[in-house]
Amino acid sequence: MIEKTMIVITGPTASGKSALAVDVARELDTDIISADSRQIYQGIPIVTAVPTFEERGGVRHHLMEMLPLEAYYSASMFEQDALRLAEEIFRERDYVVVCGGSMMYIDALCNGIDELPTVSEEVRKSLMMRHITEGDEWLLEELRRHDETTWQRIDRKNIKRVFHALEVSIQAGRPYSSLLGGKKPERPFRIIKLFIDRERPELFERINKRVERMVEAGLIEEVRSVLGKRGLNSLNTVGVKEIFSYFDGDLSREEAIARIQKNTRVYAKKQMTWFSRDKDIEHVKSEEAIGRVRQLLEY
RNA sequence: GGUUCCAUGUCCGAGUGGUUAGGUACCGGUCUGCAAAACCGUUCACACCAGUUCGAAUCUGGUUGGAACCU
């Protein structure tokens, strides 16, 4: 019998992941699980490039447009949801396709992520208040008190991470560092991880064009419709912040669009950097990708 | 044609005789819970030509380019 196999398709934004995933899923007659931290939200399909009905080619897509913008979500929650879905799909199929560019989500799904307590609103709020009044130095001292190990090795300029390590330590009642380093879990299925490579000039060209298409498709109106919710993390997204600046009058329409293109390129580069050190990933050229999948699955 | 003003790295932008502005992009990197987040590193200048000076991005003259106003 065939070993259950998860085919993970990732790559920089605008590299053509979604289309490839649909091709593969159709060929294998299975579903797609989206691994995208923004497409999971409802209300911003244009700016997050959610595939249209036609683009989905009849393939069922999971974990897409399923949460209100206010909802909290994380890599760990994604791991749980994706594993549960995969298990369900594997009951009837031998394959499942995962597609997305959210680096940490893919890492959590493939390699697992340590179990951490969910930080309560009370802990988070009170820490936030004190941080505001006492400042970064105080926060660092607190971290040192609660978790010397993490204090030693953390990037102390990255206050977001300092804050998180501290809030988890407080919530757990033990150092954050003591909660890490769990064993890499064994997944009950084979994982094939592919990264779509594209020449940088070509990728950048695709990004620029895609942003233009988004504008034509109603990007600005879409962002206007969520203007009242600005400030939410789900809207701290390339393509949304720049249009907010345009509404504020800080940028002209053209400047805003150019900046979206620029920031999308920056994001694509981050994705490339992240995956460049993943030794389990296979880099494939976009035009060779489908052939490589067939080869790997021994057709 | 005349008068005045301007000319700084990809872009924005400070400096007005003598140590790195800064930001941003590019390039490179970090990453175990909001990750399309957050953070870090390197590189890149003083429009051009003369002159003054121990020393000029900074002062003087000219050249080129630009802006505003006048005719």
# chains A, B, ... in the order shown; residues from 1 in each chain; ligands from 1

call {"tool": "interface_residues", "arguments": {"of": "chain A", "to": "chain B", "cutoff": "6 Å", "atoms": "only C-alpha atoms (C1' of nucleotides)", "output": "PyMOL selection string"}}
result
chain A and resi 74-76+113+158+160+233+237-238

call {"tool": "write_last_selection", "arguments": {"atoms": "C-alpha atoms", "output": "PDB file, in the first residue's frame"}}
result
ATOM      1  CA  SER A  74      -0.846  31.351  15.686  1.00  0.00           C
ATOM      2  CA  ALA A  75       1.607  28.906  14.205  1.00  0.00           C
ATOM      3  CA  SER A  76       0.771  26.457  16.943  1.00  0.00           C
ATOM      4  CA  ILE A 113       6.445  23.458  17.838  1.00  0.00           C
ATOM      5  CA  ASN A 158      13.608  42.783  19.660  1.00  0.00           C
ATOM      6  CA  LYS A 160       8.326  41.691  20.814  1.00  0.00           C
ATOM      7  CA  ASN A 233      -2.752  42.416  13.726  1.00  0.00           C
ATOM      8  CA  THR A 237      -0.254  43.255   6.246  1.00  0.00           C
ATOM      9  CA  VAL A 238       1.544  44.322   3.118  1.00  0.00           C
TER      10      VAL A 238
END

call {"tool": "residues_around", "arguments": {"residues": "U71 of chain B", "least_positions_apart": "6", "cutoff": "12 Å", "atoms": "only C-alpha atoms (C1' of nucleotides)", "output": "PyMOL selection string"}}
result
chain B and resi 1-3

call {"tool": "residues_around", "arguments": {"residues": "C26 of chain B", "least_positions_apart": "3", "cutoff": "12 Å", "atoms": "only C-alpha atoms (C1' of nucleotides)", "output": "ChimeraX atom specification"}}
result
/A:262,265-266,269 /B:9-11,42-44

call {"tool": "select_by_dssp", "arguments": {"residues": "segment 47-268 of chain A", "states": "strand (DSSP E)", "output": "list of chain:residue names"}}
result
A:His61, A:His62, A:Tyr95, A:Val96, A:Val97, A:Val98, A:Cys99, A:Arg190, A:Ile191, A:Ile192, A:Lys193, A:Leu194, A:Phe195, A:Ile196, A:Asp197

call {"tool": "closest_residue", "arguments": {"among": "B:G41, B:G18, B:G23, B:G13", "to": "U58 of chain B", "atoms": "only C-alpha atoms (C1' of nucleotides)"}}
result
B:G18

call {"tool": "closest_residue", "arguments": {"among": "A:Val215, A:Cys110, A:Val22, A:Leu127", "to": "Ala49 of chain A", "atoms": "only C-alpha atoms"}}
result
A:Val215

call {"tool": "atom_distance", "arguments": {"atom1": "atom CA of Pro185 of chain A", "atom2": "atom CA of Phe90 of chain A"}}
result
18.5 Å

call {"tool": "residues_around", "arguments": {"residues": "segment 192-208 of chain A", "least_positions_apart": "2", "cutoff": "8 Å", "atoms": "only C-alpha atoms (C1' of nucleotides)", "output": "ChimeraX atom specification"}}
result
/A:5-17,190,210-212,261,264-265,275,280-286,289

call {"tool": "write_last_selection", "arguments": {"atoms": "N, CA and C atoms", "output": "PDB file, in the first residue's frame"}}
result
ATOM      1  N   THR A   5       1.179  10.574   2.101  1.00  0.00           N
ATOM      2  CA  THR A   5       2.178  11.592   1.783  1.00  0.00           C
ATOM      3  C   THR A   5       1.592  12.988   1.774  1.00  0.00           C
ATOM      4  N   MET A   6       2.285  13.894   2.446  1.00  0.00           N
ATOM      5  CA  MET A   6       1.918  15.302   2.428  1.00  0.00           C
ATOM      6  C   MET A   6       2.892  16.031   1.513  1.00  0.00           C
ATOM      7  N   ILE A   7       2.349  16.690   0.533  1.00  0.00           N
ATOM      8  CA  ILE A   7       3.200  17.450  -0.380  1.00  0.00           C
ATOM      9  C   ILE A   7       3.073  18.916  -0.014  1.00  0.00           C
ATOM     10  N   VAL A   8       4.159  19.488   0.472  1.00  0.00           N
ATOM     11  CA  VAL A   8       4.158  20.881   0.902  1.00  0.00           C
ATOM     12  C   VAL A   8       4.748  21.734  -0.204  1.00  0.00           C
ATOM     13  N   ILE A   9       3.953  22.654  -0.676  1.00  0.00           N
ATOM     14  CA  ILE A   9       4.423  23.540  -1.737  1.00  0.00           C
ATOM     15  C   ILE A   9       4.553  24.938  -1.174  1.00  0.00           C
ATOM     16  N   THR A  10       5.784  25.435  -1.174  1.00  0.00           N
ATOM     17  CA  THR A  10       5.987  26.790  -0.680  1.00  0.00           C
ATOM     18  C   THR A  10       6.912  27.540  -1.628  1.00  0.00           C
ATOM     19  N   GLY A  11       7.245  28.749  -1.240  1.00  0.00           N
ATOM     20  CA  GLY A  11       8.055  29.593  -2.112  1.00  0.00           C
ATOM     21  C   GLY A  11       7.712  31.033  -1.839  1.00  0.00           C
ATOM     22  N   PRO A  12       8.444  31.937  -2.451  1.00  0.00           N
ATOM     23  CA  PRO A  12       8.149  33.348  -2.215  1.00  0.00           C
ATOM     24  C   PRO A  12       6.785  33.741  -2.755  1.00  0.00           C
ATOM     25  N   THR A  13       6.271  34.805  -2.216  1.00  0.00           N
ATOM     26  CA  THR A  13       4.980  35.305  -2.663  1.00  0.00           C
ATOM     27  C   THR A  13       5.029  35.593  -4.166  1.00  0.00           C
ATOM     28  N   ALA A  14       3.945  35.282  -4.837  1.00  0.00           N
ATOM     29  CA  ALA A  14       3.822  35.509  -6.279  1.00  0.00           C
ATOM     30  C   ALA A  14       4.681  34.578  -7.124  1.00  0.00           C
ATOM     31  N   SER A  15       5.136  33.481  -6.536  1.00  0.00           N
ATOM     32  CA  SER A  15       5.968  32.564  -7.320  1.00  0.00           C
ATOM     33  C   SER A  15       5.126  31.560  -8.098  1.00  0.00           C
ATOM     34  N   GLY A  16       3.839  31.510  -7.809  1.00  0.00           N
ATOM     35  CA  GLY A  16       2.976  30.574  -8.516  1.00  0.00           C
ATOM     36  C   GLY A  16       2.654  29.328  -7.708  1.00  0.00           C
ATOM     37  N   LYS A  17       2.731  29.443  -6.416  1.00  0.00           N
ATOM     38  CA  LYS A  17       2.449  28.310  -5.533  1.00  0.00           C
ATOM     39  C   LYS A  17       1.023  27.801  -5.712  1.00  0.00           C
ATOM     40  N   ARG A 190       4.568  10.689   5.252  1.00  0.00           N
ATOM     41  CA  ARG A 190       5.771  11.188   4.597  1.00  0.00           C
ATOM     42  C   ARG A 190       5.558  12.651   4.213  1.00  0.00           C
ATOM     43  N   ARG A 210       1.300  41.731 -10.228  1.00  0.00           N
ATOM     44  CA  ARG A 210       0.210  41.244  -9.401  1.00  0.00           C
ATOM     45  C   ARG A 210      -0.398  42.373  -8.563  1.00  0.00           C
ATOM     46  N   VAL A 211       0.456  43.244  -8.077  1.00  0.00           N
ATOM     47  CA  VAL A 211      -0.058  44.380  -7.299  1.00  0.00           C
ATOM     48  C   VAL A 211      -0.945  45.254  -8.189  1.00  0.00           C
ATOM     49  N   GLU A 212      -0.519  45.466  -9.417  1.00  0.00           N
ATOM     50  CA  GLU A 212      -1.352  46.259 -10.329  1.00  0.00           C
ATOM     51  C   GLU A 212      -2.710  45.589 -10.540  1.00  0.00           C
ATOM     52  N   GLN A 261       4.441  47.379  -3.779  1.00  0.00           N
ATOM     53  CA  GLN A 261       5.301  46.534  -4.605  1.00  0.00           C
ATOM     54  C   GLN A 261       6.647  46.318  -3.926  1.00  0.00           C
ATOM     55  N   THR A 264       6.324  44.115  -0.860  1.00  0.00           N
ATOM     56  CA  THR A 264       6.084  42.720  -1.241  1.00  0.00           C
ATOM     57  C   THR A 264       7.402  42.059  -1.643  1.00  0.00           C
ATOM     58  N   ARG A 265       8.254  42.828  -2.298  1.00  0.00           N
ATOM     59  CA  ARG A 265       9.574  42.296  -2.653  1.00  0.00           C
ATOM     60  C   ARG A 265      10.374  41.986  -1.394  1.00  0.00           C
ATOM     61  N   PHE A 275      13.850  29.969   4.058  1.00  0.00           N
ATOM     62  CA  PHE A 275      13.874  28.601   3.547  1.00  0.00           C
ATOM     63  C   PHE A 275      15.242  28.178   3.031  1.00  0.00           C
ATOM     64  N   ASP A 280      15.595  20.212   4.625  1.00  0.00           N
ATOM     65  CA  ASP A 280      14.630  19.206   4.178  1.00  0.00           C
ATOM     66  C   ASP A 280      13.857  19.649   2.942  1.00  0.00           C
ATOM     67  N   ILE A 281      14.177  20.818   2.475  1.00  0.00           N
ATOM     68  CA  ILE A 281      13.374  21.348   1.375  1.00  0.00           C
ATOM     69  C   ILE A 281      14.097  21.151   0.049  1.00  0.00           C
ATOM     70  N   GLU A 282      13.328  20.880  -0.968  1.00  0.00           N
ATOM     71  CA  GLU A 282      13.926  20.746  -2.290  1.00  0.00           C
ATOM     72  C   GLU A 282      13.534  21.953  -3.130  1.00  0.00           C
ATOM     73  N   HIS A 283      14.525  22.588  -3.702  1.00  0.00           N
ATOM     74  CA  HIS A 283      14.269  23.748  -4.548  1.00  0.00           C
ATOM     75  C   HIS A 283      14.015  23.295  -5.977  1.00  0.00           C
ATOM     76  N   VAL A 284      12.913  23.754  -6.521  1.00  0.00           N
ATOM     77  CA  VAL A 284      12.602  23.389  -7.909  1.00  0.00           C
ATOM     78  C   VAL A 284      12.238  24.638  -8.699  1.00  0.00           C
ATOM     79  N   LYS A 285      12.574  24.611  -9.965  1.00  0.00           N
ATOM     80  CA  LYS A 285      12.146  25.706 -10.832  1.00  0.00           C
ATOM     81  C   LYS A 285      10.656  25.527 -11.089  1.00  0.00           C
ATOM     82  N   SER A 286       9.950  26.621 -11.220  1.00  0.00           N
ATOM     83  CA  SER A 286       8.499  26.541 -11.337  1.00  0.00           C
ATOM     84  C   SER A 286       8.069  25.637 -12.488  1.00  0.00           C
ATOM     85  N   ALA A 289       8.423  21.950 -11.650  1.00  0.00           N
ATOM     86  CA  ALA A 289       7.862  21.504 -10.383  1.00  0.00           C
ATOM     87  C   ALA A 289       6.928  20.302 -10.534  1.00  0.00           C
TER      88      ALA A 289
END

call {"tool": "residues_around", "arguments": {"residues": "Leu235 of chain A", "least_positions_apart": "4", "cutoff": "10 Å", "atoms": "only C-alpha atoms (C1' of nucleotides)", "output": "list in words"}}
result
Arg38, Tyr41, Ile44, Leu69, Glu70, Val223, Val226, Leu227, Lys229, Arg230, Gly231, Gly239, Val240 and Lys241 of chain A; A36 of chain B

call {"tool": "select_by_dssp", "arguments": {"residues": "segment 97-148 of chain A", "states": "alpha helix (DSSP H)", "output": "number ranges by chain"}}
result
A: 103-111, 121-146, 148

call {"tool": "write_last_selection", "arguments": {"atoms": "C-alpha atoms", "output": "PDB file, in the first residue's frame"}}
result
ATOM      1  CA  MET A 103       7.338  30.258   7.024  1.00  0.00           C
ATOM      2  CA  MET A 104       6.597  29.610  10.600  1.00  0.00           C
ATOM      3  CA  TYR A 105       3.378  27.778   9.900  1.00  0.00           C
ATOM      4  CA  ILE A 106       5.131  25.366   7.622  1.00  0.00           C
ATOM      5  CA  ASP A 107       7.870  24.878  10.147  1.00  0.00           C
ATOM      6  CA  ALA A 108       5.355  24.163  12.898  1.00  0.00           C
ATOM      7  CA  LEU A 109       3.521  21.664  10.739  1.00  0.00           C
ATOM      8  CA  CYS A 110       6.586  19.806   9.485  1.00  0.00           C
ATOM      9  CA  ASN A 111       8.817  19.967  12.544  1.00  0.00           C
ATOM     10  CA  GLU A 121      -5.699  38.195  28.830  1.00  0.00           C
ATOM     11  CA  GLU A 122      -5.008  39.253  32.414  1.00  0.00           C
ATOM     12  CA  VAL A 123      -1.341  38.365  32.295  1.00  0.00           C
ATOM     13  CA  ARG A 124      -0.858  39.977  28.922  1.00  0.00           C
ATOM     14  CA  LYS A 125      -2.749  43.140  29.794  1.00  0.00           C
ATOM     15  CA  SER A 126      -1.048  43.774  33.093  1.00  0.00           C
ATOM     16  CA  LEU A 127       2.368  43.141  31.597  1.00  0.00           C
ATOM     17  CA  MET A 128       1.553  45.495  28.780  1.00  0.00           C
ATOM     18  CA  MET A 129       0.514  48.212  31.204  1.00  0.00           C
ATOM     19  CA  ARG A 130       3.687  47.957  33.211  1.00  0.00           C
ATOM     20  CA  HIS A 131       5.768  47.849  30.058  1.00  0.00           C
ATOM     21  CA  ILE A 132       4.205  51.092  28.922  1.00  0.00           C
ATOM     22  CA  THR A 133       4.843  52.848  32.214  1.00  0.00           C
ATOM     23  CA  GLU A 134       8.206  51.314  33.100  1.00  0.00           C
ATOM     24  CA  GLY A 135       9.787  50.869  29.699  1.00  0.00           C
ATOM     25  CA  ASP A 136      11.971  48.377  27.877  1.00  0.00           C
ATOM     26  CA  GLU A 137      14.685  48.286  30.534  1.00  0.00           C
ATOM     27  CA  TRP A 138      12.209  47.127  33.116  1.00  0.00           C
ATOM     28  CA  LEU A 139      10.887  44.456  30.781  1.00  0.00           C
ATOM     29  CA  LEU A 140      14.379  43.119  30.225  1.00  0.00           C
ATOM     30  CA  GLU A 141      15.099  43.066  33.951  1.00  0.00           C
ATOM     31  CA  GLU A 142      11.888  41.152  34.545  1.00  0.00           C
ATOM     32  CA  LEU A 143      12.862  38.636  31.913  1.00  0.00           C
ATOM     33  CA  ARG A 144      16.215  38.253  33.569  1.00  0.00           C
ATOM     34  CA  ARG A 145      14.508  37.573  36.886  1.00  0.00           C
ATOM     35  CA  HIS A 146      12.141  35.014  35.419  1.00  0.00           C
ATOM     36  CA  GLU A 148      18.090  34.086  32.930  1.00  0.00           C
TER      37      GLU A 148
END

call {"tool": "closest_residue", "arguments": {"among": "A:Ile170, A:Val97, A:Ile159, A:Met77", "to": "Arg60 of chain A", "atoms": "only C-alpha atoms"}}
result
A:Val97

call {"tool": "residues_around", "arguments": {"residues": "Glu88 of chain A", "least_positions_apart": "5", "cutoff": "12 Å", "atoms": "only C-alpha atoms (C1' of nucleotides)", "output": "number ranges by chain"}}
result
A: 4, 30-31, 33, 62, 81-83, 93-96

call {"tool": "atom_distance", "arguments": {"atom1": "atom CA of Ala268 of chain A", "atom2": "atom CA of Leu232 of chain A"}}
result
22.6 Å

call {"tool": "residues_around", "arguments": {"residues": "G65 of chain B", "least_positions_apart": "5", "cutoff": "12 Å", "atoms": "only C-alpha atoms (C1' of nucleotides)", "output": "ChimeraX atom specification"}}
result
/B:6-7,47-48

call {"tool": "atom_distance", "arguments": {"atom1": "atom CA of Ile40 of chain A", "atom2": "atom CA of Phe244 of chain A"}}
result
21.0 Å

call {"tool": "closest_residue", "arguments": {"among": "B:U8, B:C59, B:A68, B:U19", "to": "A45 of chain B", "atoms": "only C-alpha atoms (C1' of nucleotides)"}}
result
B:U8

call {"tool": "decode", "arguments": {"residues": "segment 18-52 of chain B", "atoms": "N, CA and C atoms (P, O5', C5', C4', C3', O3' and C1' of nucleotides)", "output": "compact mmCIF listing (two decimals), in the first residue's frame"}}
result
# COMPACT_ATOMS: atom_id res chain seq x y z
P G B 18 34.13 71.83 9.58
O5' G B 18 35.52 71.06 9.48
C5' G B 18 35.71 70.05 8.47
C4' G B 18 36.87 69.16 8.84
C3' G B 18 36.69 68.58 10.26
O3' G B 18 36.17 67.26 10.20
C1' G B 18 38.83 69.68 9.97
P U B 19 36.50 65.92 9.88
O5' U B 19 35.09 65.60 10.57
C5' U B 19 34.53 64.33 10.42
C4' U B 19 35.34 63.26 11.13
C3' U B 19 34.53 62.04 11.56
O3' U B 19 34.45 61.09 10.50
C1' U B 19 35.80 62.81 13.39
P U B 20 33.53 59.89 10.68
O5' U B 20 32.63 60.20 9.39
C5' U B 20 32.26 59.09 8.55
C4' U B 20 30.93 58.51 8.95
C3' U B 20 29.75 59.49 8.90
O3' U B 20 29.21 59.62 7.60
C1' U B 20 29.69 58.24 10.91
P A B 21 28.54 60.84 7.01
O5' A B 21 27.51 61.28 8.15
C5' A B 21 26.39 60.47 8.46
C4' A B 21 25.79 60.97 9.75
C3' A B 21 24.58 60.19 10.22
O3' A B 21 24.96 59.09 11.04
C1' A B 21 24.05 62.49 10.16
P G B 22 24.33 57.67 10.73
O5' G B 22 22.77 57.98 10.79
C5' G B 22 22.13 58.23 12.04
C4' G B 22 20.70 58.65 11.80
C3' G B 22 19.88 57.69 10.96
O3' G B 22 19.36 56.63 11.75
C1' G B 22 19.59 59.87 10.12
P G B 23 19.16 55.20 11.08
O5' G B 23 17.90 55.44 10.13
C5' G B 23 16.64 55.78 10.71
C4' G B 23 15.68 56.19 9.62
C3' G B 23 15.43 55.15 8.54
O3' G B 23 14.49 54.17 8.95
C1' G B 23 15.77 57.25 7.53
P U B 24 14.56 52.69 8.41
O5' U B 24 14.33 52.88 6.85
C5' U B 24 13.02 53.20 6.35
C4' U B 24 13.08 53.37 4.85
C3' U B 24 13.66 52.19 4.07
O3' U B 24 12.71 51.15 3.88
C1' U B 24 14.64 54.17 3.29
P A B 25 13.18 49.66 3.69
O5' A B 25 13.77 49.67 2.21
C5' A B 25 12.89 49.83 1.11
C4' A B 25 13.69 49.97 -0.15
C3' A B 25 14.65 48.83 -0.46
O3' A B 25 13.98 47.75 -1.09
C1' A B 25 15.78 50.88 -0.73
P C B 26 14.57 46.27 -0.96
O5' C B 26 15.97 46.37 -1.68
C5' C B 26 16.06 46.58 -3.09
C4' C B 26 17.52 46.63 -3.49
C3' C B 26 18.32 45.41 -3.03
O3' C B 26 18.18 44.36 -3.97
C1' C B 26 19.50 47.38 -2.47
P C B 27 17.98 42.86 -3.47
O5' C B 27 19.39 42.54 -2.78
C5' C B 27 20.56 42.41 -3.58
C4' C B 27 21.77 42.30 -2.69
C3' C B 27 21.65 41.29 -1.55
O3' C B 27 21.82 39.96 -1.98
C1' C B 27 22.54 43.29 -0.70
P G B 28 20.98 38.79 -1.27
O5' G B 28 21.69 38.72 0.15
C5' G B 28 23.03 38.30 0.25
C4' G B 28 23.53 38.46 1.65
C3' G B 28 22.74 37.72 2.72
O3' G B 28 23.05 36.34 2.75
C1' G B 28 23.22 39.90 3.48
P G B 29 21.93 35.28 3.20
O5' G B 29 21.65 35.64 4.74
C5' G B 29 22.58 35.26 5.72
C4' G B 29 22.29 35.94 7.04
C3' G B 29 21.16 35.43 7.90
O3' G B 29 21.48 34.20 8.51
C1' G B 29 21.26 37.78 8.03
P U B 30 20.38 33.20 9.00
O5' U B 30 19.87 33.91 10.34
C5' U B 30 20.73 34.06 11.45
C4' U B 30 19.99 34.74 12.58
C3' U B 30 18.73 34.02 13.06
O3' U B 30 19.09 33.01 13.99
C1' U B 30 18.29 36.33 12.82
P C B 31 18.36 31.61 13.90
O5' C B 31 16.90 31.94 14.45
C5' C B 31 16.70 32.57 15.71
C4' C B 31 15.29 33.12 15.77
C3' C B 31 14.23 32.03 15.70
O3' C B 31 13.15 32.38 16.54
C1' C B 31 13.94 33.53 13.91
P U B 32 13.01 31.70 17.98
O5' U B 32 12.17 30.41 17.60
C5' U B 32 11.08 30.52 16.69
C4' U B 32 9.90 29.79 17.27
C3' U B 32 9.62 30.19 18.71
O3' U B 32 8.23 30.36 18.91
C1' U B 32 9.98 27.87 18.57
P G B 33 7.76 31.50 19.84
O5' G B 33 6.23 31.61 19.40
C5' G B 33 5.88 31.94 18.03
C4' G B 33 4.43 32.33 18.05
C3' G B 33 4.11 33.29 19.18
O3' G B 33 3.16 34.24 18.79
C1' G B 33 2.98 31.23 19.49
P C B 34 3.57 35.32 17.74
O5' C B 34 2.07 35.73 17.46
C5' C B 34 1.11 34.80 16.93
C4' C B 34 0.22 35.60 16.00
C3' C B 34 1.03 36.38 14.97
O3' C B 34 0.44 36.31 13.70
C1' C B 34 -0.14 37.86 16.40
P A B 35 0.87 35.24 12.72
O5' A B 35 2.32 35.72 12.22
C5' A B 35 2.41 36.82 11.31
C4' A B 35 3.74 36.73 10.62
C3' A B 35 4.02 35.36 10.02
O3' A B 35 4.75 35.47 8.83
C1' A B 35 5.64 35.87 11.63
P A B 36 3.99 35.48 7.50
O5' A B 36 4.03 36.97 6.99
C5' A B 36 5.28 37.57 6.70
C4' A B 36 5.00 38.99 6.24
C3' A B 36 4.18 39.76 7.26
O3' A B 36 4.59 41.09 7.33
C1' A B 36 2.91 39.45 5.28
P A B 37 5.78 41.84 7.63
O5' A B 37 5.56 42.03 9.19
C5' A B 37 4.32 42.42 9.73
C4' A B 37 4.34 42.09 11.19
C3' A B 37 5.53 42.67 11.95
O3' A B 37 5.29 44.00 12.33
C1' A B 37 5.31 40.39 12.48
P A B 38 6.41 45.07 12.12
O5' A B 38 7.52 44.59 13.16
C5' A B 38 7.28 44.68 14.56
C4' A B 38 8.36 43.96 15.31
C3' A B 38 9.78 44.39 15.00
O3' A B 38 10.13 45.60 15.66
C1' A B 38 9.68 42.05 15.02
P C B 39 11.22 46.58 15.03
O5' C B 39 12.57 45.74 15.13
C5' C B 39 13.11 45.41 16.39
C4' C B 39 14.23 44.42 16.24
C3' C B 39 15.42 44.87 15.40
O3' C B 39 16.24 45.80 16.08
C1' C B 39 14.89 42.63 14.90
P C B 40 17.15 46.80 15.23
O5' C B 40 18.36 45.88 14.75
C5' C B 40 19.20 45.29 15.74
C4' C B 40 20.17 44.36 15.06
C3' C B 40 21.05 44.99 13.98
O3' C B 40 22.13 45.69 14.54
C1' C B 40 20.21 42.93 13.19
P G B 41 22.84 46.86 13.72
O5' G B 41 23.69 46.08 12.63
C5' G B 41 24.77 45.24 13.03
C4' G B 41 25.36 44.58 11.82
C3' G B 41 25.82 45.53 10.72
O3' G B 41 27.10 46.06 10.99
C1' G B 41 24.59 43.76 9.77
P U B 42 27.56 47.41 10.29
O5' U B 42 27.82 46.97 8.80
C5' U B 42 28.90 46.12 8.46
C4' U B 42 28.89 45.86 6.98
C3' U B 42 28.91 47.11 6.10
O3' U B 42 30.22 47.63 5.95
C1' U B 42 27.27 45.62 5.29
P U B 43 30.44 49.16 5.56
O5' U B 43 29.98 49.21 4.04
C5' U B 43 30.66 48.42 3.06
C4' U B 43 29.89 48.48 1.76
C3' U B 43 29.64 49.88 1.23
O3' U B 43 30.78 50.37 0.55
C1' U B 43 27.65 48.63 1.08
P C B 44 31.11 51.95 0.64
O5' C B 44 29.99 52.58 -0.30
C5' C B 44 29.82 52.12 -1.63
C4' C B 44 28.57 52.72 -2.22
C3' C B 44 28.50 54.24 -2.09
O3' C B 44 29.26 54.83 -3.13
C1' C B 44 26.42 53.28 -1.53
P A B 45 30.32 55.96 -2.80
O5' A B 45 29.34 57.21 -2.72
C5' A B 45 29.92 58.49 -2.59
C4' A B 45 28.85 59.50 -2.87
C3' A B 45 29.32 60.93 -2.67
O3' A B 45 29.85 61.42 -3.89
C1' A B 45 27.35 60.57 -1.43
P C B 46 31.17 62.25 -3.92
O5' C B 46 30.63 63.76 -3.97
C5' C B 46 29.42 64.07 -4.66
C4' C B 46 28.49 64.77 -3.69
C3' C B 46 28.67 66.28 -3.66
O3' C B 46 27.52 66.82 -4.30
C1' C B 46 28.36 65.34 -1.48
P A B 47 27.52 68.13 -5.21
O5' A B 47 27.40 67.64 -6.74
C5' A B 47 27.04 66.29 -7.04
C4' A B 47 27.08 66.18 -8.56
C3' A B 47 28.39 66.67 -9.15
O3' A B 47 29.32 65.60 -9.25
C1' A B 47 26.57 67.75 -10.22
P C B 48 30.89 65.93 -9.05
O5' C B 48 31.26 66.67 -10.40
C5' C B 48 31.22 65.99 -11.65
C4' C B 48 31.58 66.94 -12.76
C3' C B 48 32.88 67.70 -12.52
O3' C B 48 34.00 66.94 -12.93
C1' C B 48 31.19 69.23 -13.15
P C B 49 35.40 67.15 -12.18
O5' C B 49 35.86 68.56 -12.75
C5' C B 49 36.07 68.75 -14.14
C4' C B 49 36.48 70.18 -14.41
C3' C B 49 37.56 70.71 -13.48
O3' C B 49 38.84 70.28 -13.88
C1' C B 49 35.83 72.32 -13.71
P A B 50 40.10 70.50 -12.90
O5' A B 50 40.32 72.06 -13.10
C5' A B 50 41.13 72.76 -12.20
C4' A B 50 40.89 74.24 -12.38
C3' A B 50 41.37 75.04 -11.19
O3' A B 50 42.76 75.29 -11.27
C1' A B 50 39.17 75.67 -11.69
P G B 51 43.67 74.95 -10.01
O5' G B 51 43.26 76.13 -9.02
C5' G B 51 43.49 77.49 -9.41
C4' G B 51 42.66 78.42 -8.56
C3' G B 51 43.00 78.46 -7.08
O3' G B 51 44.18 79.19 -6.82
C1' G B 51 40.66 78.51 -7.37
P U B 52 45.10 78.88 -5.59
O5' U B 52 44.20 79.44 -4.39
C5' U B 52 43.97 80.84 -4.25
C4' U B 52 43.15 81.11 -3.02
C3' U B 52 43.66 80.43 -1.75
O3' U B 52 44.72 81.16 -1.16
C1' U B 52 41.33 80.09 -1.93
